[in-house]
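The file coords_38.tsv comes next; it holds TSV, C-alpha atoms.
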chain	number	residue	atom	x	y	z
A	1	MET	CA	198.21	-75.48	48.64
A	2	ASP	CA	198.93	-78.79	46.95
A	3	PRO	CA	196.58	-81.29	48.64
A	4	GLN	CA	199.40	-83.84	48.53
A	5	ARG	CA	201.66	-81.63	50.63
A	6	PRO	CA	201.48	-81.30	54.44
A	7	ALA	CA	199.65	-78.31	55.87
A	8	HIS	CA	202.41	-77.88	58.46
A	9	LEU	CA	206.15	-78.20	58.55
A	10	THR	CA	207.48	-81.68	59.33
A	11	LEU	CA	210.88	-83.21	59.98
A	12	GLU	CA	210.40	-85.17	56.75
A	13	LEU	CA	210.17	-81.91	54.78
A	14	VAL	CA	213.29	-80.60	56.49
A	15	ARG	CA	215.23	-83.77	55.67
A	16	GLU	CA	213.99	-83.65	52.06
A	17	ALA	CA	215.22	-80.06	51.89
A	18	HIS	CA	218.64	-81.04	53.24
A	19	GLU	CA	219.00	-83.74	50.61
A	20	ARG	CA	217.93	-81.27	47.89
A	21	ILE	CA	220.33	-78.47	48.84
A	22	LYS	CA	223.31	-80.10	50.53
A	23	ASP	CA	225.50	-79.86	47.44
A	24	LYS	CA	224.51	-76.22	46.87
A	25	ILE	CA	225.17	-74.74	50.31
A	26	ALA	CA	227.97	-74.84	52.87
A	27	ARG	CA	227.84	-77.17	55.87
A	28	THR	CA	228.87	-74.40	58.22
A	29	PRO	CA	231.19	-75.02	61.17
A	30	VAL	CA	230.18	-75.26	64.82
A	31	MET	CA	232.71	-73.20	66.77
A	32	THR	CA	233.46	-73.00	70.48
A	33	SER	CA	235.26	-70.60	72.80
A	34	ALA	CA	236.61	-71.45	76.25
A	35	THR	CA	236.57	-67.74	77.08
A	36	LEU	CA	232.88	-67.32	76.26
A	37	ASP	CA	232.08	-70.60	78.01
A	38	GLY	CA	233.65	-69.20	81.16
A	39	LEU	CA	231.71	-65.96	80.97
A	40	ALA	CA	228.41	-67.83	80.54
A	41	ASN	CA	229.28	-70.69	82.93
A	42	ALA	CA	227.99	-73.01	80.20
A	43	GLU	CA	229.21	-74.88	77.12
A	44	LEU	CA	228.43	-72.82	74.03
A	45	PHE	CA	228.31	-74.12	70.48
A	46	PHE	CA	228.06	-71.48	67.77
A	47	LYS	CA	226.51	-72.56	64.45
A	48	CYS	CA	228.31	-70.13	62.16
A	49	GLU	CA	225.88	-69.28	59.39
A	50	ASN	CA	227.92	-66.11	58.82
A	51	PHE	CA	230.13	-68.51	56.82
A	52	GLN	CA	227.18	-69.71	54.73
A	53	LYS	CA	226.89	-69.04	51.00
A	54	THR	CA	225.85	-65.38	50.55
A	55	GLY	CA	226.93	-64.80	54.15
A	56	ALA	CA	223.71	-65.86	55.89
A	57	PHE	CA	221.42	-68.82	56.66
A	58	LYS	CA	218.96	-67.51	54.08
A	59	ALA	CA	220.78	-69.49	51.39
A	60	ARG	CA	219.21	-72.64	52.79
A	61	GLY	CA	215.55	-71.65	52.47
A	62	ALA	CA	215.88	-69.78	49.20
A	63	THR	CA	217.78	-72.63	47.54
A	64	ASN	CA	215.24	-75.21	48.69
A	65	ALA	CA	212.36	-73.08	47.43
A	66	VAL	CA	213.90	-72.40	44.01
A	67	PHE	CA	214.87	-76.01	43.41
A	68	SER	CA	211.44	-77.21	44.55
A	69	LEU	CA	209.77	-75.36	41.66
A	70	SER	CA	208.57	-77.24	38.61
A	71	ALA	CA	209.97	-76.23	35.22
A	72	SER	CA	206.75	-74.37	34.36
A	73	GLN	CA	206.77	-72.50	37.69
A	74	ALA	CA	210.39	-71.47	37.27
A	75	GLN	CA	210.34	-70.36	33.63
A	76	LYS	CA	209.42	-66.72	34.35
A	77	GLY	CA	211.85	-66.37	37.22
A	78	VAL	CA	211.31	-65.61	40.90
A	79	ALA	CA	210.66	-62.50	42.96
A	80	THR	CA	210.64	-61.51	46.61
A	81	HIS	CA	210.92	-58.62	49.03
A	82	SER	CA	213.87	-58.54	51.40
A	83	SER	CA	216.01	-56.28	53.55
A	84	GLY	CA	218.96	-58.02	51.94
A	85	ASN	CA	219.98	-61.51	53.00
A	86	HIS	CA	217.02	-63.39	51.53
A	87	GLY	CA	217.28	-61.30	48.37
A	88	ALA	CA	220.92	-62.23	47.85
A	89	ALA	CA	220.17	-65.86	48.64
A	90	LEU	CA	217.30	-65.94	46.14
A	91	ALA	CA	219.41	-64.27	43.46
A	92	ARG	CA	222.14	-66.88	43.96
A	93	ALA	CA	219.70	-69.80	43.92
A	94	ALA	CA	218.06	-68.45	40.77
A	95	ARG	CA	221.41	-68.09	39.08
A	96	LEU	CA	222.27	-71.70	39.98
A	97	ARG	CA	219.02	-72.79	38.33
A	98	GLY	CA	219.50	-70.50	35.34
A	99	ILE	CA	216.49	-68.25	35.90
A	100	GLY	CA	216.02	-64.56	36.76
A	101	ALA	CA	215.35	-63.00	40.17
A	102	THR	CA	213.85	-59.63	41.14
A	103	VAL	CA	214.21	-58.35	44.70
A	104	VAL	CA	212.15	-55.53	46.20
A	105	MET	CA	214.33	-53.81	48.82
A	106	PRO	CA	213.73	-50.92	51.22
A	107	ASN	CA	215.66	-47.85	50.14
A	108	ASN	CA	217.54	-47.82	53.46
A	109	ALA	CA	218.87	-51.37	53.11
A	110	PRO	CA	222.58	-51.63	53.98
A	111	ARG	CA	224.83	-51.01	50.99
A	112	ALA	CA	226.63	-54.31	51.59
A	113	LYS	CA	223.33	-56.18	51.19
A	114	GLN	CA	222.37	-54.27	48.05
A	115	ASP	CA	225.76	-55.08	46.55
A	116	SER	CA	225.33	-58.74	47.42
A	117	VAL	CA	222.01	-58.99	45.54
A	118	LYS	CA	223.61	-57.35	42.49
A	119	ARG	CA	226.68	-59.55	42.70
A	120	TYR	CA	224.53	-62.65	42.34
A	121	GLY	CA	222.69	-61.22	39.35
A	122	GLY	CA	219.47	-60.08	41.00
A	123	ASP	CA	217.50	-57.06	39.77
A	124	ILE	CA	216.58	-54.61	42.57
A	125	VAL	CA	213.38	-52.56	42.83
A	126	PHE	CA	213.58	-50.03	45.68
A	127	CYS	CA	210.65	-48.99	47.88
A	128	GLU	CA	209.92	-47.13	51.08
A	129	PRO	CA	211.04	-48.96	54.26
A	130	THR	CA	207.64	-50.27	55.33
A	131	LEU	CA	206.15	-53.73	55.01
A	132	GLU	CA	203.16	-52.30	53.13
A	133	ALA	CA	205.44	-50.64	50.57
A	134	ARG	CA	207.45	-53.81	50.13
A	135	GLU	CA	204.39	-55.98	49.57
A	136	SER	CA	202.79	-53.47	47.16
A	137	ALA	CA	205.95	-53.20	45.09
A	138	LEU	CA	206.28	-56.98	44.97
A	139	GLU	CA	202.69	-57.35	43.77
A	140	ARG	CA	203.47	-54.97	40.89
A	141	VAL	CA	206.60	-56.92	39.94
A	142	ILE	CA	204.69	-60.20	39.87
A	143	ALA	CA	201.83	-58.67	37.88
A	144	ASP	CA	204.25	-57.19	35.33
A	145	HIS	CA	206.55	-60.17	34.88
A	146	GLY	CA	204.63	-63.24	36.04
A	147	ALA	CA	207.50	-64.25	38.33
A	148	CYS	CA	206.96	-66.89	41.01
A	149	MET	CA	206.87	-65.30	44.44
A	150	ILE	CA	209.20	-66.78	47.08
A	151	HIS	CA	208.25	-65.25	50.41
A	152	PRO	CA	211.27	-64.50	52.63
A	153	TYR	CA	209.93	-66.60	55.49
A	154	ASN	CA	206.20	-67.47	55.38
A	155	ASP	CA	206.63	-70.40	53.01
A	156	LEU	CA	206.97	-74.07	54.01
A	157	ARG	CA	209.72	-74.59	51.43
A	158	VAL	CA	211.73	-71.74	52.91
A	159	MET	CA	211.03	-72.84	56.49
A	160	ALA	CA	212.12	-76.39	55.66
A	161	GLY	CA	215.37	-75.12	54.20
A	162	GLN	CA	216.08	-73.02	57.28
A	163	GLY	CA	215.37	-76.03	59.48
A	164	THR	CA	218.38	-77.82	58.00
A	165	THR	CA	220.48	-75.58	60.26
A	166	ALA	CA	219.21	-77.53	63.27
A	167	VAL	CA	219.77	-80.89	61.57
A	168	GLU	CA	223.45	-80.07	61.10
A	169	LEU	CA	223.84	-78.56	64.57
A	170	ILE	CA	222.31	-81.54	66.37
A	171	GLU	CA	224.26	-84.00	64.25
A	172	ALA	CA	227.42	-82.16	65.32
A	173	VAL	CA	226.40	-81.79	68.99
A	174	PRO	CA	223.76	-84.46	69.75
A	175	ASP	CA	223.35	-83.71	73.46
A	176	LEU	CA	222.42	-80.03	73.35
A	177	ASP	CA	220.13	-78.80	76.11
A	178	VAL	CA	219.07	-75.50	74.53
A	179	ILE	CA	219.10	-73.76	71.15
A	180	LEU	CA	218.98	-69.96	71.00
A	181	CYS	CA	217.79	-68.58	67.69
A	182	PRO	CA	217.11	-65.04	66.44
A	183	VAL	CA	213.55	-64.33	65.29
A	184	GLY	CA	212.23	-61.76	62.84
A	185	GLY	CA	209.68	-63.19	60.42
A	186	GLY	CA	210.10	-66.59	62.05
A	187	GLY	CA	211.28	-68.73	59.14
A	188	LEU	CA	214.48	-69.81	60.86
A	189	LEU	CA	213.02	-70.18	64.35
A	190	SER	CA	210.06	-72.23	63.13
A	191	GLY	CA	212.25	-74.49	60.98
A	192	ILE	CA	214.77	-75.01	63.76
A	193	ALA	CA	212.05	-75.65	66.35
A	194	VAL	CA	210.34	-78.35	64.29
A	195	ALA	CA	213.59	-80.13	63.41
A	196	ALA	CA	215.14	-79.86	66.87
A	197	LYS	CA	212.06	-80.99	68.80
A	198	LYS	CA	211.53	-83.97	66.51
A	199	MET	CA	215.20	-84.99	66.65
A	200	ARG	CA	215.68	-84.32	70.37
A	201	PRO	CA	212.34	-83.91	72.19
A	202	SER	CA	213.90	-82.79	75.48
A	203	ILE	CA	215.66	-79.80	73.94
A	204	ARG	CA	214.50	-76.26	74.72
A	205	VAL	CA	214.18	-73.89	71.76
A	206	ILE	CA	214.19	-70.20	72.62
A	207	GLY	CA	213.76	-67.29	70.23
A	208	VAL	CA	215.60	-64.01	70.75
A	209	GLU	CA	214.71	-60.63	69.28
A	210	PRO	CA	215.49	-56.95	69.88
A	211	ALA	CA	213.38	-55.19	72.49
A	212	ALA	CA	212.99	-52.42	69.90
A	213	ALA	CA	211.27	-54.90	67.56
A	214	ASP	CA	209.50	-57.19	70.03
A	215	ASP	CA	206.46	-58.19	68.00
A	216	ALA	CA	207.32	-61.91	68.11
A	217	ALA	CA	207.56	-61.90	71.90
A	218	ARG	CA	204.26	-60.03	72.17
A	219	SER	CA	202.63	-62.37	69.65
A	220	PHE	CA	203.96	-65.43	71.50
A	221	ARG	CA	202.47	-64.23	74.78
A	222	SER	CA	199.13	-63.07	73.38
A	223	GLY	CA	198.53	-66.10	71.16
A	224	ARG	CA	197.89	-63.96	68.09
A	225	ILE	CA	200.10	-62.16	65.60
A	226	VAL	CA	200.90	-58.63	66.73
A	227	PRO	CA	202.36	-56.84	63.69
A	228	SER	CA	205.64	-54.99	63.88
A	229	VAL	CA	205.12	-51.21	63.62
A	230	ASN	CA	208.08	-48.95	62.77
A	231	PRO	CA	210.79	-51.06	64.46
A	232	THR	CA	213.93	-49.03	65.18
A	233	THR	CA	216.46	-51.75	65.91
A	234	ILE	CA	219.96	-51.91	64.47
A	235	ALA	CA	219.20	-55.56	63.66
A	236	ASP	CA	217.72	-54.85	60.23
A	237	GLY	CA	217.14	-58.54	59.49
A	238	LEU	CA	214.75	-58.83	62.45
A	239	ARG	CA	212.31	-56.04	61.64
A	240	SER	CA	209.73	-58.26	59.92
A	241	SER	CA	206.42	-59.41	61.41
A	242	LEU	CA	205.64	-63.09	61.87
A	243	GLY	CA	203.71	-64.93	59.18
A	244	ASP	CA	200.77	-67.23	59.82
A	245	LYS	CA	202.75	-70.33	58.86
A	246	THR	CA	205.80	-69.47	60.93
A	247	PHE	CA	203.69	-68.43	63.93
A	248	ALA	CA	201.77	-71.71	63.87
A	249	GLU	CA	204.99	-73.73	64.26
A	250	ILE	CA	206.42	-71.32	66.83
A	251	ARG	CA	203.32	-71.76	68.99
A	252	ARG	CA	203.62	-75.55	68.74
A	253	TYR	CA	207.32	-76.00	69.37
A	254	VAL	CA	209.07	-72.91	70.77
A	255	ASP	CA	209.48	-72.76	74.55
A	256	ASP	CA	210.00	-69.02	74.99
A	257	ILE	CA	210.97	-65.77	73.25
A	258	VAL	CA	213.15	-63.23	75.06
A	259	THR	CA	214.21	-59.72	74.08
A	260	VAL	CA	217.55	-57.91	74.26
A	261	SER	CA	218.62	-54.28	74.23
A	262	GLU	CA	220.38	-52.48	71.40
A	263	GLN	CA	223.39	-52.02	73.67
A	264	SER	CA	223.58	-55.77	74.27
A	265	ILE	CA	223.35	-56.51	70.54
A	266	VAL	CA	226.26	-54.19	69.74
A	267	GLY	CA	228.21	-55.51	72.72
A	268	GLY	CA	227.61	-59.08	71.60
A	269	MET	CA	228.84	-58.32	68.08
A	270	ARG	CA	231.99	-56.77	69.46
A	271	ARG	CA	232.72	-59.54	71.95
A	272	ILE	CA	232.29	-62.25	69.31
A	273	TRP	CA	234.65	-60.33	67.03
A	274	GLU	CA	237.24	-59.72	69.74
A	275	VAL	CA	237.16	-63.21	71.27
A	276	MET	CA	236.27	-65.52	68.38
A	277	LYS	CA	237.75	-63.34	65.61
A	278	ILE	CA	234.64	-63.61	63.46
A	279	LEU	CA	232.34	-60.88	62.19
A	280	VAL	CA	228.57	-61.16	62.67
A	281	GLU	CA	225.89	-58.68	61.73
A	282	PRO	CA	223.57	-57.26	64.41
A	283	SER	CA	220.80	-59.79	63.69
A	284	GLY	CA	223.33	-62.58	64.10
A	285	ALA	CA	224.45	-61.38	67.53
A	286	VAL	CA	221.12	-61.38	69.35
A	287	ALA	CA	221.34	-65.00	70.55
A	288	TYR	CA	224.63	-64.35	72.30
A	289	ALA	CA	223.31	-60.99	73.54
A	290	ALA	CA	220.63	-62.86	75.50
A	291	LEU	CA	223.35	-64.65	77.46
A	292	ALA	CA	225.48	-61.54	77.90
A	293	GLU	CA	222.44	-59.67	79.22
A	294	GLY	CA	221.60	-62.46	81.65
A	295	LYS	CA	218.15	-63.10	80.18
A	296	LEU	CA	218.49	-66.87	80.56
A	297	ASP	CA	219.86	-69.22	83.19
A	298	VAL	CA	222.00	-71.67	81.22
A	299	ARG	CA	224.51	-72.54	83.94
A	300	SER	CA	226.13	-75.93	83.29
A	301	ARG	CA	224.02	-76.39	80.14
A	302	ARG	CA	225.10	-77.20	76.60
A	303	VAL	CA	223.79	-74.36	74.47
A	304	GLY	CA	223.60	-74.02	70.69
A	305	LEU	CA	223.57	-70.46	69.34
A	306	VAL	CA	222.83	-69.61	65.72
A	307	LEU	CA	225.01	-66.82	64.33
A	308	THR	CA	222.68	-66.09	61.46
A	309	GLY	CA	224.79	-63.89	59.19
A	310	GLY	CA	227.82	-61.72	58.65
A	311	ASN	CA	226.70	-59.18	56.05
A	312	LEU	CA	227.73	-55.96	57.75
A	313	ASP	CA	228.50	-52.60	56.17
A	314	LEU	CA	232.06	-52.00	57.36
A	315	GLU	CA	231.64	-48.26	56.74
A	316	ARG	CA	228.90	-48.20	59.38
A	317	LEU	CA	230.23	-50.23	62.30
A	318	PRO	CA	228.21	-49.42	65.44
A	319	TRP	CA	231.25	-48.59	67.57
Just give me the structure as structure tokens.
Amino acid sequence: MDPQRPAHLTLELVREAHERIKDKIARTPVMTSATLDGLANAELFFKCENFQKTGAFKARGATNAVFSLSASQAQKGVATHSSGNHGAALARAARLRGIGATVVMPNNAPRAKQDSVKRYGGDIVFCEPTLEARESALERVIADHGACMIHPYNDLRVMAGQGTTAVELIEAVPDLDVILCPVGGGGLLSGIAVAAKKMRPSIRVIGVEPAAADDAARSFRSGRIVPSVNPTTIADGLRSSLGDKTFAEIRRYVDDIVTVSEQSIVGGMRRIWEVMKILVEPSGAVAYAALAEGKLDVRSRRVGLVLTGGNLDLERLPW
């Protein structure tokens, strides 16, 4: 690590990231629904990252990371492993900078996410759907091509970019009581937690993940990283294990992590579509699923929910 750079994520890094990327990403809308407010007996504010460039919040972190690179670092391109959204975001950011991008993807990644990586000019290398296979394939790509590795979440540059979601949400709704945020590898949750707690210290930040991929909740409670092993959730974007950098910030700033059932995730997707008329992918629906399942008492509270993405294979709708 550069000795001049902080060892941990800071609000200053998040604000620097926002300044760096604000003309390269969308400032996504914060939407409301009187119907969903009534069902939750709370005021809900949905940060719609399904309307973000590439269809997911990942555009923030990937763009910040790519445009943080020096000219010498960037000259041989970038590489990563991804189930889809980070890969597409990295391919887009690389194209904006005029460099190449290679994405290692599990061979069962949704077709829509594969197509998105290709659409933005990324080269795909397929592997078996395990973290070990992904990391091994990425090591080979880097060894062969000398590309700069941009980790999908365990990277302060990526975490800072994801934290800009909270900056925009709190600027739009300054008096939030709670933010609910999906958690997989922890890049978004850690970035949001740091930014939100520094901007509004009284706010509660709560992570949400599938019960079928509950490694973050188990890690949070045990105080050590418990790796994800063969997660079976429909929420493909939340199957990753926490990284050491993301976990460090989650332990410092996150108040709790709750889990939701597969049935609640699918039900949340459908209710958001039917009521708000917007499409979210399974990973993007878990925050609302926590309310629908009654996992949290938010009565009379002002609650921010991050709808993380909308990249769903329409040929494989779960209903």
Checklist entry - Between atom CA of Val266 of chain A and atom CA of Ala26 of chain A, what is the distance, to one decimal in Å? => result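 Straight-line distance from atom CA of Val266 of chain A to atom CA of Ala26 of chain A works out to 26.7 Å.
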Checklist entry - Given the choices A:Ser190, A:Thr130, A:Ala17, A:Arg200, which gets closest to Asn230 of chain A if the distance is worked out from all atoms listed in the file? => result A:Thr130
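We find atom CA of Phe45 of chain A and atom CA of Glu262 of chain A to be spaced 23.1 Å apart.
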Checklist entry - Mind pulling up the distance from atom CA of Thr102 of chain A to atom CA of Arg119 of chain A? => result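 Interatomic distance, atom CA of Arg119 of chain A to atom CA of Thr102 of chain A: 12.9 Å.
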Next on the checklist: Please list, as a list in words, the residues that have an atom at most 10 Å away from (216.6, -50.2, 45.0) in the coordinates of this file, counting all atoms listed in the file.
Outcome noted: Val103, Val104, Met105, Pro106, Asn107, Asn108, Ala109, Gln114, Asp123, Ile124, Val125, Phe126, Cys127 and Glu128 of chain A
Those selected residues, please, written with C-alpha atoms and delivered as a compact mmCIF listing (two decimals), keeping the file's coordinate frame.
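out02.txt, written as the output of this step:
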# COMPACT_ATOMS: atom_id res chain seq x y z
CA VAL A 103 214.21 -58.35 44.70
CA VAL A 104 212.15 -55.53 46.20
CA MET A 105 214.33 -53.81 48.82
CA PRO A 106 213.73 -50.92 51.22
CA ASN A 107 215.66 -47.85 50.14
CA ASN A 108 217.54 -47.82 53.46
CA ALA A 109 218.87 -51.37 53.11
CA GLN A 114 222.37 -54.27 48.05
CA ASP A 123 217.50 -57.06 39.77
CA ILE A 124 216.58 -54.61 42.57
CA VAL A 125 213.38 -52.56 42.83
CA PHE A 126 213.58 -50.03 45.68
CA CYS A 127 210.65 -48.99 47.88
CA GLU A 128 209.92 -47.13 51.08
Can you tell me, as an mmCIF file with C-alpha atoms, in the coordinates of the input, what residues are no more than 9 Å from Ile170 of chain A when counting only C-alpha atoms, ignoring any on the same chain fewer than 3 positions away?
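Final file, result-v3.cif:
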data_model
loop_
_atom_site.group_PDB
_atom_site.id
_atom_site.type_symbol
_atom_site.label_atom_id
_atom_site.label_comp_id
_atom_site.auth_asym_id
_atom_site.auth_seq_id
_atom_site.Cartn_x
_atom_site.Cartn_y
_atom_site.Cartn_z
ATOM 1 C CA THR A 165 220.480 -75.580 60.260
ATOM 2 C CA ALA A 166 219.210 -77.530 63.270
ATOM 3 C CA VAL A 167 219.770 -80.890 61.570
ATOM 4 C CA VAL A 173 226.400 -81.790 68.990
ATOM 5 C CA PRO A 174 223.760 -84.460 69.750
ATOM 6 C CA ASP A 175 223.350 -83.710 73.460
ATOM 7 C CA LEU A 176 222.420 -80.030 73.350
ATOM 8 C CA ALA A 196 215.140 -79.860 66.870
ATOM 9 C CA MET A 199 215.200 -84.990 66.650
ATOM 10 C CA ARG A 200 215.680 -84.320 70.370
ATOM 11 C CA GLY A 304 223.600 -74.020 70.690
#
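Nearest to Arg97 of chain A of all the residues A:Val158, A:Lys24, A:Ala133, A:Glu19 is A:Lys24, based on all atoms listed in the file.
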Item to check | Nearby residues (all atoms listed in the file) at most 9 Å from segment 209-222 of chain A, same-chain spacing under 2 positions excluded, as a PyMOL selection string | outcome: chain A and resi 181-186+207+224-235+238-242+247+250-251+256-262+265+283+286-287+290
Checklist entry - Got a sec: who's within 9 Å of Ala195 of chain A, counting only C-alpha atoms, leaving out chain neighbours fewer than 6 positions off, as number ranges by chain? => result A: 10-12, 14-15, 160, 163-167
Next on the checklist: Show me, as a VMD selection string, the residues that have an atom within 10 Å of segment 47-49 of chain A when counting only C-alpha atoms, minus same-chain residues fewer than 2 positions from it.
Outcome noted: chain A and resid 26 to 32 44 to 45 51 to 60 165 to 166 168 to 169 172 278 280 284 304 to 310
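Taking all atoms listed in the file into account, Ser116 of chain A lies nearest to A:Asp313 out of the set A:Asp313, A:Glu171, A:Asp144, A:Glu132.
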Next on the checklist: The residues within 6 Å of (208.6, -80.3, 71.5), using all atoms listed in the file and the coordinates of the file, should be reported as an MDAnalysis selection string; which are they?
Outcome noted: chainID A and resid 197 201 253
Checklist entry - Pick from A:Arg301, A:Ala65, A:Pro282, A:Asn41: nearest to Pro110 of chain A, with all atoms listed in the file counted? => result A:Pro282
Next on the checklist: Counting only C-alpha atoms, which residue out of A:His145, A:Arg252, A:Arg92, A:Arg204 sits closest to Gly223 of chain A?
Outcome noted: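 Selected residue with least distance to Gly223 of chain A: A:Arg252.
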Checklist entry - When distances are computed from only C-alpha atoms, which of A:Leu156, A:Leu189, A:Ile206, A:Cys148 shows the smallest separation from Ala7 of chain A? => result A:Leu156
Checklist entry - So which residues touch Leu90 of chain A within 10 Å, counting only C-alpha atoms, skipping near sequence neighbours fewer than 2 positions away, as a ChimeraX atom specification? => result /A:54,58-66,78-80,82,84-88,92-96,100-103,117,120-122,150,152
With C-alpha atoms kept, could you save the residues just selected as a CSV table (one decimal), in the frame of the given file?
chain,number,residue,atom,x,y,z
A,54,THR,CA,225.8,-65.4,50.6
A,58,LYS,CA,219.0,-67.5,54.1
A,59,ALA,CA,220.8,-69.5,51.4
A,60,ARG,CA,219.2,-72.6,52.8
A,61,GLY,CA,215.6,-71.6,52.5
A,62,ALA,CA,215.9,-69.8,49.2
A,63,THR,CA,217.8,-72.6,47.5
A,64,ASN,CA,215.2,-75.2,48.7
A,65,ALA,CA,212.4,-73.1,47.4
A,66,VAL,CA,213.9,-72.4,44.0
A,78,VAL,CA,211.3,-65.6,40.9
A,79,ALA,CA,210.7,-62.5,43.0
A,80,THR,CA,210.6,-61.5,46.6
A,82,SER,CA,213.9,-58.5,51.4
A,84,GLY,CA,219.0,-58.0,51.9
A,85,ASN,CA,220.0,-61.5,53.0
A,86,HIS,CA,217.0,-63.4,51.5
A,87,GLY,CA,217.3,-61.3,48.4
A,88,ALA,CA,220.9,-62.2,47.8
A,92,ARG,CA,222.1,-66.9,44.0
A,93,ALA,CA,219.7,-69.8,43.9
A,94,ALA,CA,218.1,-68.4,40.8
A,95,ARG,CA,221.4,-68.1,39.1
A,96,LEU,CA,222.3,-71.7,40.0
A,100,GLY,CA,216.0,-64.6,36.8
A,101,ALA,CA,215.4,-63.0,40.2
A,102,THR,CA,213.8,-59.6,41.1
A,103,VAL,CA,214.2,-58.4,44.7
A,117,VAL,CA,222.0,-59.0,45.5
A,120,TYR,CA,224.5,-62.6,42.3
A,121,GLY,CA,222.7,-61.2,39.4
A,122,GLY,CA,219.5,-60.1,41.0
A,150,ILE,CA,209.2,-66.8,47.1
A,152,PRO,CA,211.3,-64.5,52.6
